[in-house]
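Okay, coords-v5.txt now, which holds compact mmCIF, N, CA and C atoms:
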```txt
# COMPACT_ATOMS: atom_id res chain seq x y z
N MET F 1 116.78 82.13 123.17
CA MET F 1 115.80 82.56 122.20
C MET F 1 114.38 82.28 122.68
N LYS F 2 114.20 81.07 123.29
CA LYS F 2 112.88 80.73 123.82
C LYS F 2 112.48 81.70 124.92
N THR F 3 113.46 82.15 125.70
CA THR F 3 113.17 83.10 126.78
C THR F 3 112.65 84.41 126.22
N LEU F 4 113.28 84.88 125.12
CA LEU F 4 112.82 86.13 124.51
C LEU F 4 111.41 85.98 123.95
N ALA F 5 111.12 84.83 123.35
CA ALA F 5 109.78 84.60 122.81
C ALA F 5 108.76 84.57 123.94
N LEU F 6 109.11 83.91 125.05
CA LEU F 6 108.21 83.87 126.20
C LEU F 6 107.97 85.26 126.77
N LEU F 7 109.02 86.06 126.87
CA LEU F 7 108.87 87.43 127.38
C LEU F 7 107.98 88.25 126.46
N ALA F 8 108.11 88.05 125.15
CA ALA F 8 107.28 88.78 124.20
C ALA F 8 105.81 88.41 124.37
N VAL F 9 105.54 87.10 124.56
CA VAL F 9 104.17 86.65 124.75
C VAL F 9 103.60 87.22 126.05
N LEU F 10 104.41 87.20 127.12
CA LEU F 10 103.94 87.74 128.39
C LEU F 10 103.68 89.24 128.29
N ALA F 11 104.52 89.95 127.56
CA ALA F 11 104.31 91.39 127.37
C ALA F 11 103.02 91.65 126.60
N LEU F 12 102.78 90.86 125.56
CA LEU F 12 101.54 91.00 124.80
C LEU F 12 100.33 90.71 125.67
N ALA F 13 100.45 89.69 126.50
CA ALA F 13 99.33 89.34 127.39
C ALA F 13 99.05 90.47 128.36
N ALA F 14 100.08 91.03 128.94
CA ALA F 14 99.89 92.15 129.88
C ALA F 14 99.29 93.34 129.16
N CYS F 15 99.77 93.61 127.96
CA CYS F 15 99.25 94.73 127.18
C CYS F 15 97.78 94.51 126.85
N GLY F 16 97.42 93.28 126.46
CA GLY F 16 96.04 92.97 126.13
C GLY F 16 95.12 93.17 127.31
N LYS F 17 95.56 92.76 128.49
CA LYS F 17 94.73 92.91 129.69
C LYS F 17 94.57 94.38 130.03
N ALA F 18 95.64 95.15 129.91
CA ALA F 18 95.54 96.59 130.21
C ALA F 18 94.60 97.25 129.22
N ASP F 19 94.72 96.89 127.93
CA ASP F 19 93.87 97.49 126.92
C ASP F 19 92.41 97.13 127.14
N ARG F 20 92.15 95.89 127.51
CA ARG F 20 90.77 95.44 127.69
C ARG F 20 90.08 96.25 128.78
N HIS F 21 90.80 96.56 129.84
CA HIS F 21 90.19 97.27 130.95
C HIS F 21 90.23 98.79 130.78
N ALA F 22 90.86 99.27 129.76
CA ALA F 22 90.98 100.71 129.54
C ALA F 22 89.80 101.26 128.75
N GLY F 23 88.88 100.42 128.34
CA GLY F 23 87.77 100.89 127.53
C GLY F 23 88.06 100.70 126.05
N TYR F 24 87.27 101.33 125.24
CA TYR F 24 87.41 101.22 123.79
C TYR F 24 88.14 102.45 123.29
N ASP F 25 89.19 102.24 122.52
CA ASP F 25 90.04 103.33 122.05
C ASP F 25 89.94 103.42 120.53
N ALA F 26 89.23 104.44 120.05
CA ALA F 26 89.02 104.62 118.61
C ALA F 26 90.32 104.91 117.85
N SER F 27 91.36 105.32 118.56
CA SER F 27 92.61 105.64 117.87
C SER F 27 93.46 104.39 117.59
N ARG F 28 93.08 103.25 118.15
CA ARG F 28 93.84 102.02 117.94
C ARG F 28 93.61 101.48 116.54
N ASP F 29 94.58 100.76 116.03
CA ASP F 29 94.48 100.09 114.73
C ASP F 29 93.89 98.70 114.99
N ALA F 30 92.59 98.56 114.76
CA ALA F 30 91.89 97.30 115.07
C ALA F 30 92.49 96.12 114.31
N ALA F 31 92.83 96.32 113.05
CA ALA F 31 93.41 95.23 112.26
C ALA F 31 94.73 94.76 112.86
N ALA F 32 95.57 95.70 113.28
CA ALA F 32 96.86 95.34 113.90
C ALA F 32 96.63 94.65 115.25
N ASP F 33 95.65 95.13 116.02
CA ASP F 33 95.34 94.50 117.31
C ASP F 33 94.87 93.06 117.12
N ILE F 34 94.04 92.82 116.12
CA ILE F 34 93.55 91.47 115.84
C ILE F 34 94.70 90.59 115.38
N LYS F 35 95.55 91.13 114.52
CA LYS F 35 96.70 90.36 114.04
C LYS F 35 97.62 89.97 115.21
N SER F 36 97.88 90.89 116.12
CA SER F 36 98.70 90.59 117.30
C SER F 36 98.03 89.55 118.18
N ALA F 37 96.72 89.66 118.33
CA ALA F 37 95.98 88.69 119.14
C ALA F 37 96.05 87.29 118.53
N LEU F 38 96.03 87.21 117.21
CA LEU F 38 96.14 85.92 116.54
C LEU F 38 97.50 85.28 116.79
N VAL F 39 98.56 86.09 116.78
CA VAL F 39 99.90 85.58 117.08
C VAL F 39 99.92 85.03 118.51
N GLN F 40 99.37 85.80 119.41
CA GLN F 40 99.33 85.38 120.82
C GLN F 40 98.46 84.14 120.98
N ALA F 41 97.34 84.08 120.28
CA ALA F 41 96.44 82.93 120.38
C ALA F 41 97.13 81.65 119.90
N ARG F 42 97.86 81.75 118.79
CA ARG F 42 98.58 80.58 118.28
C ARG F 42 99.61 80.09 119.28
N SER F 43 100.36 81.01 119.86
CA SER F 43 101.44 80.61 120.77
C SER F 43 100.91 80.10 122.11
N SER F 44 99.71 80.50 122.49
CA SER F 44 99.15 80.10 123.79
C SER F 44 98.00 79.09 123.65
N ARG F 45 97.74 78.65 122.42
CA ARG F 45 96.68 77.68 122.14
C ARG F 45 95.31 78.15 122.64
N ARG F 46 95.03 79.42 122.32
CA ARG F 46 93.72 79.99 122.66
C ARG F 46 93.04 80.46 121.39
N ARG F 47 91.88 81.02 121.54
CA ARG F 47 91.15 81.62 120.44
C ARG F 47 91.11 83.13 120.67
N VAL F 48 90.62 83.86 119.69
CA VAL F 48 90.51 85.31 119.81
C VAL F 48 89.05 85.68 120.00
N LEU F 49 88.79 86.49 121.01
CA LEU F 49 87.46 86.99 121.30
C LEU F 49 87.49 88.49 121.03
N ILE F 50 86.76 88.92 120.03
CA ILE F 50 86.69 90.35 119.69
C ILE F 50 85.42 90.92 120.30
N GLU F 51 85.58 91.96 121.10
CA GLU F 51 84.44 92.70 121.65
C GLU F 51 84.30 93.98 120.82
N ALA F 52 83.23 94.07 120.04
CA ALA F 52 82.95 95.29 119.29
C ALA F 52 81.98 96.12 120.12
N GLY F 53 82.34 97.35 120.38
CA GLY F 53 81.49 98.22 121.19
C GLY F 53 82.10 99.59 121.31
N GLY F 54 81.73 100.30 122.35
CA GLY F 54 82.26 101.64 122.54
C GLY F 54 82.06 102.13 123.96
N ASN F 55 82.78 103.18 124.29
CA ASN F 55 82.65 103.78 125.62
C ASN F 55 81.27 104.41 125.82
N TRP F 56 80.55 104.65 124.76
CA TRP F 56 79.20 105.21 124.78
C TRP F 56 78.14 104.14 125.11
N CYS F 57 78.53 102.87 125.05
CA CYS F 57 77.61 101.73 125.12
C CYS F 57 77.36 101.29 126.56
N SER F 58 76.12 101.46 127.04
CA SER F 58 75.80 101.09 128.42
C SER F 58 75.96 99.59 128.66
N TRP F 59 75.59 98.76 127.68
CA TRP F 59 75.72 97.31 127.86
C TRP F 59 77.18 96.86 127.84
N CYS F 60 78.04 97.62 127.16
CA CYS F 60 79.48 97.31 127.20
C CYS F 60 80.00 97.50 128.62
N LYS F 61 79.55 98.57 129.26
CA LYS F 61 79.95 98.84 130.65
C LYS F 61 79.39 97.80 131.60
N ILE F 62 78.16 97.37 131.35
CA ILE F 62 77.55 96.33 132.17
C ILE F 62 78.34 95.03 132.04
N MET F 63 78.76 94.70 130.80
CA MET F 63 79.55 93.49 130.59
C MET F 63 80.89 93.58 131.32
N ASP F 64 81.54 94.74 131.27
CA ASP F 64 82.80 94.94 132.01
C ASP F 64 82.59 94.65 133.49
N ARG F 65 81.56 95.27 134.06
CA ARG F 65 81.28 95.07 135.49
C ARG F 65 80.93 93.62 135.78
N TYR F 66 80.23 92.98 134.88
CA TYR F 66 79.84 91.59 135.08
C TYR F 66 81.08 90.70 135.20
N PHE F 67 82.04 90.90 134.31
CA PHE F 67 83.28 90.12 134.39
C PHE F 67 84.07 90.47 135.66
N GLU F 68 84.07 91.73 136.05
CA GLU F 68 84.75 92.13 137.29
C GLU F 68 84.10 91.48 138.50
N ASP F 69 82.79 91.37 138.48
CA ASP F 69 82.05 90.79 139.61
C ASP F 69 82.06 89.26 139.61
N HIS F 70 82.42 88.66 138.49
CA HIS F 70 82.43 87.20 138.36
C HIS F 70 83.83 86.77 137.89
N ALA F 71 84.76 86.80 138.83
CA ALA F 71 86.16 86.52 138.51
C ALA F 71 86.36 85.16 137.87
N GLU F 72 85.57 84.17 138.26
CA GLU F 72 85.73 82.84 137.69
C GLU F 72 85.32 82.83 136.21
N LEU F 73 84.36 83.66 135.83
CA LEU F 73 83.97 83.78 134.44
C LEU F 73 85.05 84.51 133.64
N ALA F 74 85.62 85.55 134.23
CA ALA F 74 86.74 86.26 133.59
C ALA F 74 87.93 85.32 133.42
N ALA F 75 88.19 84.48 134.41
CA ALA F 75 89.30 83.52 134.33
C ALA F 75 89.05 82.51 133.21
N LEU F 76 87.81 82.07 133.07
CA LEU F 76 87.45 81.15 131.99
C LEU F 76 87.70 81.81 130.64
N ARG F 77 87.28 83.06 130.52
CA ARG F 77 87.51 83.82 129.28
C ARG F 77 89.00 83.94 129.00
N ASP F 78 89.76 84.38 129.99
CA ASP F 78 91.19 84.64 129.77
C ASP F 78 91.99 83.36 129.54
N LYS F 79 91.53 82.26 130.09
CA LYS F 79 92.20 80.96 129.89
C LYS F 79 92.07 80.51 128.43
N ASN F 80 90.93 80.80 127.82
CA ASN F 80 90.62 80.25 126.50
C ASN F 80 90.69 81.25 125.35
N TYR F 81 90.75 82.55 125.68
CA TYR F 81 90.67 83.57 124.63
C TYR F 81 91.65 84.70 124.86
N VAL F 82 92.14 85.26 123.77
CA VAL F 82 92.85 86.53 123.78
C VAL F 82 91.79 87.56 123.40
N THR F 83 91.52 88.50 124.27
CA THR F 83 90.44 89.46 124.04
C THR F 83 90.97 90.73 123.38
N VAL F 84 90.25 91.17 122.36
CA VAL F 84 90.57 92.41 121.65
C VAL F 84 89.31 93.26 121.64
N ARG F 85 89.46 94.50 122.02
CA ARG F 85 88.34 95.44 121.93
C ARG F 85 88.48 96.25 120.65
N VAL F 86 87.38 96.34 119.92
CA VAL F 86 87.36 97.15 118.71
C VAL F 86 86.30 98.22 118.92
N SER F 87 86.73 99.46 118.84
CA SER F 87 85.84 100.60 119.04
C SER F 87 84.98 100.83 117.81
N VAL F 88 83.67 100.95 118.06
CA VAL F 88 82.71 101.28 117.02
C VAL F 88 82.03 102.57 117.46
N GLU F 89 82.03 103.55 116.59
CA GLU F 89 81.38 104.83 116.92
C GLU F 89 79.88 104.65 116.98
N SER F 90 79.24 105.31 117.91
CA SER F 90 77.79 105.25 118.05
C SER F 90 77.13 105.72 116.75
N GLY F 91 76.38 104.84 116.13
CA GLY F 91 75.70 105.18 114.88
C GLY F 91 76.62 105.26 113.68
N GLY F 92 77.91 104.99 113.88
CA GLY F 92 78.87 105.09 112.79
C GLY F 92 79.05 103.76 112.07
N PRO F 93 79.86 103.77 111.03
CA PRO F 93 80.11 102.53 110.28
C PRO F 93 80.98 101.57 111.10
N VAL F 94 80.87 100.30 110.78
CA VAL F 94 81.70 99.28 111.40
C VAL F 94 83.13 99.47 110.88
N PRO F 95 84.12 99.39 111.76
CA PRO F 95 85.51 99.54 111.31
C PRO F 95 85.88 98.51 110.23
N ALA F 96 86.78 98.88 109.35
CA ALA F 96 87.20 98.02 108.24
C ALA F 96 87.65 96.65 108.72
N ALA F 97 88.28 96.57 109.90
CA ALA F 97 88.78 95.30 110.42
C ALA F 97 87.65 94.30 110.69
N LEU F 98 86.41 94.78 110.81
CA LEU F 98 85.27 93.89 111.09
C LEU F 98 84.39 93.65 109.88
N LYS F 99 84.68 94.27 108.76
CA LYS F 99 83.81 94.19 107.58
C LYS F 99 83.68 92.77 107.02
N ALA F 100 84.67 91.90 107.27
CA ALA F 100 84.61 90.53 106.76
C ALA F 100 83.65 89.65 107.56
N TYR F 101 83.18 90.15 108.69
CA TYR F 101 82.32 89.39 109.58
C TYR F 101 80.88 89.87 109.47
N PRO F 102 79.93 89.08 109.95
CA PRO F 102 78.53 89.53 109.92
C PRO F 102 78.37 90.85 110.68
N ALA F 103 77.50 91.70 110.18
CA ALA F 103 77.26 92.99 110.83
C ALA F 103 76.66 92.78 112.20
N PRO F 104 77.14 93.53 113.21
CA PRO F 104 76.54 93.40 114.54
C PRO F 104 75.11 93.92 114.55
N THR F 105 74.28 93.27 115.35
CA THR F 105 72.89 93.69 115.47
C THR F 105 72.68 94.55 116.71
N GLY F 106 73.71 94.69 117.51
CA GLY F 106 73.68 95.49 118.73
C GLY F 106 75.06 95.46 119.35
N PHE F 107 75.22 96.18 120.43
CA PHE F 107 76.54 96.26 121.08
C PHE F 107 76.41 96.02 122.57
N PRO F 108 77.39 95.39 123.17
CA PRO F 108 78.58 94.84 122.53
C PRO F 108 78.22 93.63 121.67
N HIS F 109 79.06 93.36 120.71
CA HIS F 109 78.92 92.20 119.85
C HIS F 109 80.23 91.44 119.94
N ILE F 110 80.14 90.11 120.01
CA ILE F 110 81.34 89.29 120.15
C ILE F 110 81.56 88.46 118.90
N TYR F 111 82.82 88.43 118.46
CA TYR F 111 83.24 87.56 117.38
C TYR F 111 84.30 86.63 117.96
N ILE F 112 84.20 85.33 117.65
CA ILE F 112 85.19 84.36 118.07
C ILE F 112 85.92 83.89 116.82
N LEU F 113 87.25 84.00 116.86
CA LEU F 113 88.09 83.54 115.75
C LEU F 113 88.95 82.38 116.22
N ASP F 114 89.23 81.45 115.30
CA ASP F 114 90.20 80.41 115.64
C ASP F 114 91.60 81.00 115.50
N GLU F 115 92.61 80.21 115.81
CA GLU F 115 93.99 80.72 115.81
C GLU F 115 94.48 81.14 114.44
N ASN F 116 93.74 80.76 113.37
CA ASN F 116 94.11 81.16 112.01
C ASN F 116 93.33 82.37 111.52
N GLY F 117 92.42 82.87 112.35
CA GLY F 117 91.65 84.05 111.99
C GLY F 117 90.30 83.75 111.36
N SER F 118 89.93 82.47 111.26
CA SER F 118 88.63 82.12 110.71
C SER F 118 87.54 82.35 111.74
N LEU F 119 86.44 82.92 111.30
CA LEU F 119 85.31 83.19 112.19
C LEU F 119 84.66 81.88 112.61
N ILE F 120 84.51 81.71 113.91
CA ILE F 120 83.82 80.54 114.46
C ILE F 120 82.41 80.92 114.89
N GLN F 121 82.27 82.12 115.48
CA GLN F 121 80.96 82.53 116.00
C GLN F 121 80.84 84.05 115.98
N SER F 122 79.67 84.52 115.58
CA SER F 122 79.28 85.92 115.68
C SER F 122 78.13 85.94 116.67
N GLN F 123 78.32 86.61 117.81
CA GLN F 123 77.36 86.51 118.90
C GLN F 123 76.73 87.84 119.29
N ASN F 124 75.42 87.91 119.17
CA ASN F 124 74.65 89.03 119.70
C ASN F 124 74.59 88.82 121.21
N THR F 125 75.17 89.71 121.99
CA THR F 125 75.23 89.51 123.43
C THR F 125 73.87 89.68 124.11
N ALA F 126 72.88 90.20 123.41
CA ALA F 126 71.53 90.28 123.99
C ALA F 126 71.04 88.88 124.34
N GLU F 127 71.51 87.88 123.62
CA GLU F 127 71.12 86.49 123.90
C GLU F 127 71.74 85.97 125.20
N LEU F 128 72.71 86.70 125.74
CA LEU F 128 73.37 86.29 126.98
C LEU F 128 72.88 87.11 128.18
N GLU F 129 71.92 87.98 127.95
CA GLU F 129 71.42 88.86 129.00
C GLU F 129 70.34 88.21 129.85
N SER F 130 70.18 88.79 131.02
CA SER F 130 69.09 88.43 131.92
C SER F 130 68.72 89.69 132.69
N GLY F 131 67.54 90.22 132.43
CA GLY F 131 67.12 91.46 133.07
C GLY F 131 68.05 92.60 132.67
N GLN F 132 68.60 93.28 133.67
CA GLN F 132 69.50 94.41 133.42
C GLN F 132 70.97 94.02 133.53
N SER F 133 71.27 92.74 133.34
CA SER F 133 72.65 92.26 133.41
C SER F 133 72.80 91.05 132.49
N TYR F 134 73.79 90.24 132.77
CA TYR F 134 74.03 89.03 131.97
C TYR F 134 73.69 87.81 132.80
N ASP F 135 73.47 86.71 132.11
CA ASP F 135 73.13 85.44 132.74
C ASP F 135 74.40 84.58 132.84
N TYR F 136 74.75 84.22 134.05
CA TYR F 136 75.99 83.47 134.28
C TYR F 136 76.01 82.15 133.52
N GLU F 137 74.92 81.40 133.59
CA GLU F 137 74.86 80.09 132.93
C GLU F 137 75.02 80.24 131.41
N LYS F 138 74.32 81.20 130.83
CA LYS F 138 74.40 81.41 129.38
C LYS F 138 75.81 81.83 128.97
N PHE F 139 76.41 82.77 129.73
CA PHE F 139 77.74 83.25 129.37
C PHE F 139 78.77 82.15 129.53
N SER F 140 78.67 81.38 130.60
CA SER F 140 79.59 80.28 130.84
C SER F 140 79.47 79.23 129.73
N PHE F 141 78.23 78.89 129.36
CA PHE F 141 78.00 77.93 128.28
C PHE F 141 78.62 78.45 126.98
N PHE F 142 78.39 79.73 126.68
CA PHE F 142 78.94 80.34 125.46
C PHE F 142 80.47 80.25 125.43
N LEU F 143 81.12 80.67 126.52
CA LEU F 143 82.58 80.65 126.55
C LEU F 143 83.13 79.23 126.43
N ASN F 144 82.47 78.28 127.05
CA ASN F 144 82.92 76.88 126.95
C ASN F 144 82.66 76.29 125.58
N ALA F 145 81.52 76.66 124.97
CA ALA F 145 81.14 76.08 123.67
C ALA F 145 82.14 76.42 122.56
N PHE F 146 82.77 77.58 122.64
CA PHE F 146 83.65 78.01 121.56
C PHE F 146 85.12 78.04 121.96
N ALA F 147 85.41 77.48 123.14
CA ALA F 147 86.79 77.39 123.62
C ALA F 147 87.56 76.42 122.72
N PRO F 148 88.88 76.57 122.69
CA PRO F 148 89.66 75.63 121.88
C PRO F 148 89.52 74.21 122.43
N PRO F 149 89.69 73.23 121.56
CA PRO F 149 89.59 71.84 122.03
C PRO F 149 90.66 71.54 123.09
N LYS F 150 90.32 70.74 124.04
CA LYS F 150 91.26 70.34 125.08
C LYS F 150 92.29 69.38 124.47
N SER F 151 93.54 69.58 124.83
CA SER F 151 94.56 68.68 124.27
C SER F 151 95.22 67.86 125.35
```

Entire entry expressed as structure tokens:
Amino acid sequence: MKTLALLAVLALAACGKADRHAGYDASRDAAADIKSALVQARSSRRRVLIEAGGNWCSWCKIMDRYFEDHAELAALRDKNYVTVRVSVESGGPVPAALKAYPAPTGFPHIYILDENGSLIQSQNTAELESGQSYDYEKFSFFLNAFAPPKS
């Protein structure tokens, strides 16, 4: 039984990584994705990092490239967080799955949830920028500041 549970967690992890790199998919059920991420976060002792954005968003693409170019930062993120992408239409309303959280002031916007789904942080990613990219020190500090406690 434990083997089946482990296989399910590994399958969810692989699915999450594939989804994260596939861009933002407006056809996905954001509420179901967040719920699945919470299950995975509880079983792996991580938190949930929600990226709200869209394929239309230039800064979302810059953030993707930044993580690709900084593998150690991506590893820090993946070690401590289950990442969920929630598609927001350009100029459109925020999806219902995000209505309980503070409204984003720009995109991408990051929400950090604990393993029970409680909001820990709502982050305007403009605060993590430097010039036409992101600042490694700021992003690293952010990811470490909201990571789950070490056990």

Review point. So how far away is atom C of F:Ile120 from atom N of F:Ser87, in Å?
Key: 19.4 Å

Counting only N, CA and C atoms, which residues of stretch 59-79 of chain F sit at most 8 Å from some atom of stretch 91-111 of chain F, and what is each one's closest atom pair with its distance in Å to one decimal, listed by chain and rising residue number, as CSV?
```
residue,atom,partner,partner_atom,distance
F:Trp59,C,F:Pro108,N,4.9
F:Cys60,N,F:Pro108,N,4.6
F:Lys61,N,F:Pro108,N,7.2
F:Met63,N,F:Pro108,N,7.8
```

Check your understanding: Once you count all atoms listed in the file, which residues end up no further than 8 Å from (88.5, 77.7, 130.2) in the file's frame, shown as number ranges by chain?
Key -> F: 75-81, 143-144, 147-148

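Here atom CA of F:Arg85 stands at a distance of 6.1 Å from atom CA of F:Tyr24.
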
Review point. Separation of atom N of F:Ser44 and atom C of F:Phe146, in Å?
Key: 14.8 Å

Take the structure in the block and write a file for stretch 111-132 of chain F, N, CA and C atoms, as a short mmCIF file (atom, residue, chain, number, x, y, z; two decimals), in the first residue's frame.
```cif
data_model
loop_
_atom_site.label_atom_id
_atom_site.label_comp_id
_atom_site.auth_asym_id
_atom_site.auth_seq_id
_atom_site.Cartn_x
_atom_site.Cartn_y
_atom_site.Cartn_z
N TYR F 111 1.62 33.33 -4.82
CA TYR F 111 0.96 33.09 -3.55
C TYR F 111 1.63 31.87 -2.93
N ILE F 112 1.94 31.95 -1.63
CA ILE F 112 2.50 30.82 -0.90
C ILE F 112 1.44 30.35 0.09
N LEU F 113 1.13 29.06 0.02
CA LEU F 113 0.17 28.45 0.94
C LEU F 113 0.88 27.43 1.81
N ASP F 114 0.42 27.30 3.06
CA ASP F 114 0.94 26.21 3.88
C ASP F 114 0.25 24.92 3.46
N GLU F 115 0.63 23.82 4.07
CA GLU F 115 0.11 22.51 3.66
C GLU F 115 -1.39 22.36 3.89
N ASN F 116 -1.99 23.28 4.67
CA ASN F 116 -3.43 23.24 4.91
C ASN F 116 -4.20 24.19 4.01
N GLY F 117 -3.49 24.93 3.17
CA GLY F 117 -4.14 25.84 2.23
C GLY F 117 -4.26 27.27 2.73
N SER F 118 -3.71 27.56 3.91
CA SER F 118 -3.75 28.93 4.43
C SER F 118 -2.70 29.78 3.73
N LEU F 119 -3.09 30.98 3.37
CA LEU F 119 -2.17 31.91 2.70
C LEU F 119 -1.09 32.37 3.68
N ILE F 120 0.15 32.22 3.26
CA ILE F 120 1.29 32.69 4.05
C ILE F 120 1.81 34.00 3.48
N GLN F 121 1.85 34.09 2.14
CA GLN F 121 2.42 35.27 1.49
C GLN F 121 1.78 35.50 0.14
N SER F 122 1.49 36.75 -0.16
CA SER F 122 1.07 37.20 -1.48
C SER F 122 2.18 38.11 -1.96
N GLN F 123 2.85 37.73 -3.06
CA GLN F 123 4.07 38.42 -3.47
C GLN F 123 3.98 39.03 -4.86
N ASN F 124 4.14 40.34 -4.92
CA ASN F 124 4.29 41.05 -6.18
C ASN F 124 5.72 40.77 -6.65
N THR F 125 5.89 40.09 -7.76
CA THR F 125 7.22 39.71 -8.21
C THR F 125 8.05 40.90 -8.70
N ALA F 126 7.44 42.04 -8.90
CA ALA F 126 8.21 43.24 -9.27
C ALA F 126 9.23 43.55 -8.18
N GLU F 127 8.93 43.18 -6.95
CA GLU F 127 9.85 43.40 -5.83
C GLU F 127 11.07 42.48 -5.90
N LEU F 128 11.02 41.47 -6.76
CA LEU F 128 12.13 40.53 -6.91
C LEU F 128 12.94 40.80 -8.18
N GLU F 129 12.58 41.85 -8.89
CA GLU F 129 13.23 42.16 -10.16
C GLU F 129 14.50 42.98 -9.98
N SER F 130 15.31 42.92 -11.02
CA SER F 130 16.49 43.76 -11.11
C SER F 130 16.71 44.04 -12.60
N GLY F 131 16.52 45.28 -13.00
CA GLY F 131 16.65 45.63 -14.42
C GLY F 131 15.60 44.89 -15.23
N GLN F 132 16.05 44.18 -16.26
CA GLN F 132 15.15 43.44 -17.14
C GLN F 132 15.08 41.95 -16.78
#
```
